[in-house]
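> Have a peek at upload13.pdb (PDB, C-alpha atoms).
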```pdb
ATOM      1  CA  MET D 738      25.936 102.926-100.823
ATOM      2  CA  ASP D 739      25.115  99.221-101.084
ATOM      3  CA  ILE D 740      27.551  98.374 -98.310
ATOM      4  CA  LEU D 741      25.972 101.003 -96.058
ATOM      5  CA  ILE D 742      22.476  99.621 -96.644
ATOM      6  CA  SER D 743      23.743  96.079 -96.098
ATOM      7  CA  THR D 744      25.446  97.059 -92.844
ATOM      8  CA  LEU D 745      22.333  98.842 -91.589
ATOM      9  CA  VAL D 746      20.111  95.844 -92.403
ATOM     10  CA  ILE D 747      22.460  93.489 -90.557
ATOM     11  CA  LEU D 748      22.750  95.835 -87.568
ATOM     12  CA  PHE D 749      18.968  96.219 -87.417
ATOM     13  CA  THR D 750      18.530  92.443 -87.540
ATOM     14  CA  THR D 751      21.015  91.874 -84.731
ATOM     15  CA  ASN D 752      19.409  94.557 -82.595
ATOM     16  CA  LEU D 753      16.004  93.033 -83.221
ATOM     17  CA  ALA D 754      17.350  89.619 -82.215
ATOM     18  CA  MET D 755      18.757  91.061 -78.990
ATOM     19  CA  VAL D 756      15.437  92.715 -78.130
ATOM     20  CA  PHE D 757      13.497  89.510 -78.821
ATOM     21  CA  GLN D 758      15.935  87.467 -76.767
ATOM     22  CA  LYS D 759      15.594  89.788 -73.761
ATOM     23  CA  ALA D 760      11.796  89.948 -74.056
ATOM     24  CA  TYR D 761      10.792  86.404 -74.946
ATOM     25  CA  PHE D 762      13.696  83.938 -74.869
ATOM     26  CA  HIS D 763      15.432  84.447 -71.522
ATOM     27  CA  LYS D 764      16.989  80.998 -71.348
ATOM     28  CA  ILE D 765      18.234  80.856 -74.947
ATOM     29  CA  SER D 766      21.558  82.453 -75.836
ATOM     30  CA  VAL D 767      21.341  85.600 -77.954
ATOM     31  CA  ASN D 768      23.685  83.945 -80.458
ATOM     32  CA  TYR D 769      21.077  81.315 -81.316
ATOM     33  CA  VAL D 770      18.326  83.910 -81.628
ATOM     34  CA  ALA D 771      20.542  86.047 -83.893
ATOM     35  CA  LEU D 772      21.358  82.955 -85.971
ATOM     36  CA  PHE D 773      17.642  82.271 -86.397
ATOM     37  CA  PHE D 774      16.984  85.879 -87.421
ATOM     38  CA  GLY D 775      19.880  85.680 -89.863
ATOM     39  CA  MET D 776      18.368  82.571 -91.447
ATOM     40  CA  ILE D 777      15.057  84.383 -91.818
ATOM     41  CA  LEU D 778      16.912  87.313 -93.378
ATOM     42  CA  GLY D 779      18.540  84.953 -95.870
ATOM     43  CA  LEU D 780      15.340  83.108 -96.745
ATOM     44  CA  VAL D 781      13.195  86.173 -97.504
ATOM     45  CA  PRO D 782      14.188  87.192-101.057
ATOM     46  CA  LEU D 783      13.425  90.902-100.608
ATOM     47  CA  LEU D 784      15.591  91.150 -97.486
ATOM     48  CA  ASN D 785      18.281  88.860 -98.885
ATOM     49  CA  ASN D 786      18.770  91.206-101.849
ATOM     50  CA  LEU D 787      19.529  94.080 -99.455
ATOM     51  CA  VAL D 788      22.531  92.246 -98.010
ATOM     52  CA  GLU D 789      25.682  92.366-100.129
ATOM     53  CA  ASP D 790      27.836  89.361-100.907
ATOM     54  CA  PHE D 791      30.635  88.660 -98.449
ATOM     55  CA  GLN D 792      33.652  90.896 -98.968
ATOM     56  CA  SER D 793      36.677  90.047 -96.873
ATOM     57  CA  GLU D 794      38.004  93.622 -96.927
ATOM     58  CA  VAL D 795      34.798  95.004 -95.444
ATOM     59  CA  PHE D 796      34.747  92.234 -92.837
ATOM     60  CA  MET D 797      38.323  93.044 -91.826
ATOM     61  CA  GLU D 798      37.556  96.759 -91.504
ATOM     62  CA  LEU D 799      34.231  96.502 -89.692
ATOM     63  CA  ILE D 800      34.730  93.445 -87.474
ATOM     64  CA  VAL D 801      38.313  92.280 -87.074
ATOM     65  CA  ALA D 802      40.118  95.630 -86.816
ATOM     66  CA  PRO D 803      37.981  97.025 -83.947
ATOM     67  CA  LEU D 804      38.226  93.717 -82.078
ATOM     68  CA  LEU D 805      42.020  93.714 -82.357
ATOM     69  CA  PHE D 806      42.195  97.364 -81.336
ATOM     70  CA  PHE D 807      40.138  96.926 -78.173
ATOM     71  CA  GLU D 808      41.903  93.676 -77.302
ATOM     72  CA  GLY D 809      45.232  95.475 -77.643
ATOM     73  CA  GLN D 810      44.067  98.241 -75.339
ATOM     74  CA  ASN D 811      43.087  95.749 -72.652
ATOM     75  CA  THR D 812      46.404  93.867 -72.809
ATOM     76  CA  GLN D 813      48.856  94.857 -70.118
ATOM     77  CA  LEU D 814      52.195  96.184 -71.351
ATOM     78  CA  TYR D 815      54.014  93.637 -69.172
ATOM     79  CA  TYR D 816      52.680  90.752 -71.265
ATOM     80  CA  VAL D 817      53.638  92.484 -74.501
ATOM     81  CA  LYS D 818      57.221  93.025 -73.287
ATOM     82  CA  ARG D 819      57.623  89.361 -72.270
ATOM     83  CA  PHE D 820      57.241  88.135 -75.826
TER      84      PHE D 820
END
```
Would you encode the structure as structure tokens?

Amino acid sequence: MDILISTLVILFTTNLAMVFQKAYFHKISVNYVALFFGMILGLVPLLNNLVEDFQSEVFMELIVAPLLFFEGQNTQLYYVKRF
């Protein structure tokens, strides 16, 4: 349950950063705005306690595996056969 709450808090923070970037910071990359929101999330003790410690297994399942899957779908079979 803690991982679910942590994931939801992080997803909410990133969505909030994207909304703020579109509304107020047109010329700043969304990555910098999300980094700023992440620092705020880490500095506020109440919010920081909602986010779990880094677990490499969860990171691999939630971030790396979907990226590899979609990258593999976009790769043409010709390039896979060449190697």
> Using Å and a single decimal, report how far atom CA of Phe806 of chain D sits from atom CA of Leu748 of chain D.
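Distance between the two atoms: 20.5 Å.
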> Excluding same-chain residues fewer than 4 positions from segment 797-805 of chain D, what lies within 12 Å of it counting all atoms listed in the file, as a list in words?
Ile740, Leu741, Thr744, Leu748, Phe791, Gln792, Ser793, Gly809, Gln810, Asn811 and Thr812 of chain D
> Just the number, please: distance in Å from atom CA of Phe807 of chain D to atom CA of Lys764 of chain D, one decimal.
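Between these atoms lies a distance of 28.9 Å.
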> Quote the spacing between atom CA of Val756 of chain D and atom CA of Ser743 of chain D in Å to one decimal place.
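Going from atom CA of Val756 of chain D over to atom CA of Ser743 of chain D, I get 20.1 Å.
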> Between D:Glu808, D:Val746, D:Val795, D:Ile765, which is the closest to Gly779 of chain D once you count all atoms listed in the file?
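Among the listed residues, D:Val746 lies closest to Gly779 of chain D.
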> Fewer than 3 positions away in the same chain doesn't count, so skip those; otherwise give me all residues within 8 Å of Thr751 of chain D, counting only C-alpha atoms, as a ChimeraX atom specification.
/D:747-748,754-755,771,774
> Expand the PyMOL selection byres ((chain D and resi 770) around 12) into the individual residues it matches in the shown file, reporting them as a ChimeraX atom specification.
/D:750-769,771-777
> Counting all atoms listed in the file, which of D:Leu783, D:Val788, D:Leu778, D:Leu814 gets nearest to Ile742 of chain D?
D:Val788
> Given 4 Å on each side, where is the centre and what are the edge lengths in Å to one decimal of the axis-aligned box enclosing the listed atoms of segment 745-761 of chain D, as AutoDock Vina command-line options?

```
--center_x 16.8 --center_y 92.6 --center_z -83.1 --size_x 20.0 --size_y 20.4 --size_z 26.6
```
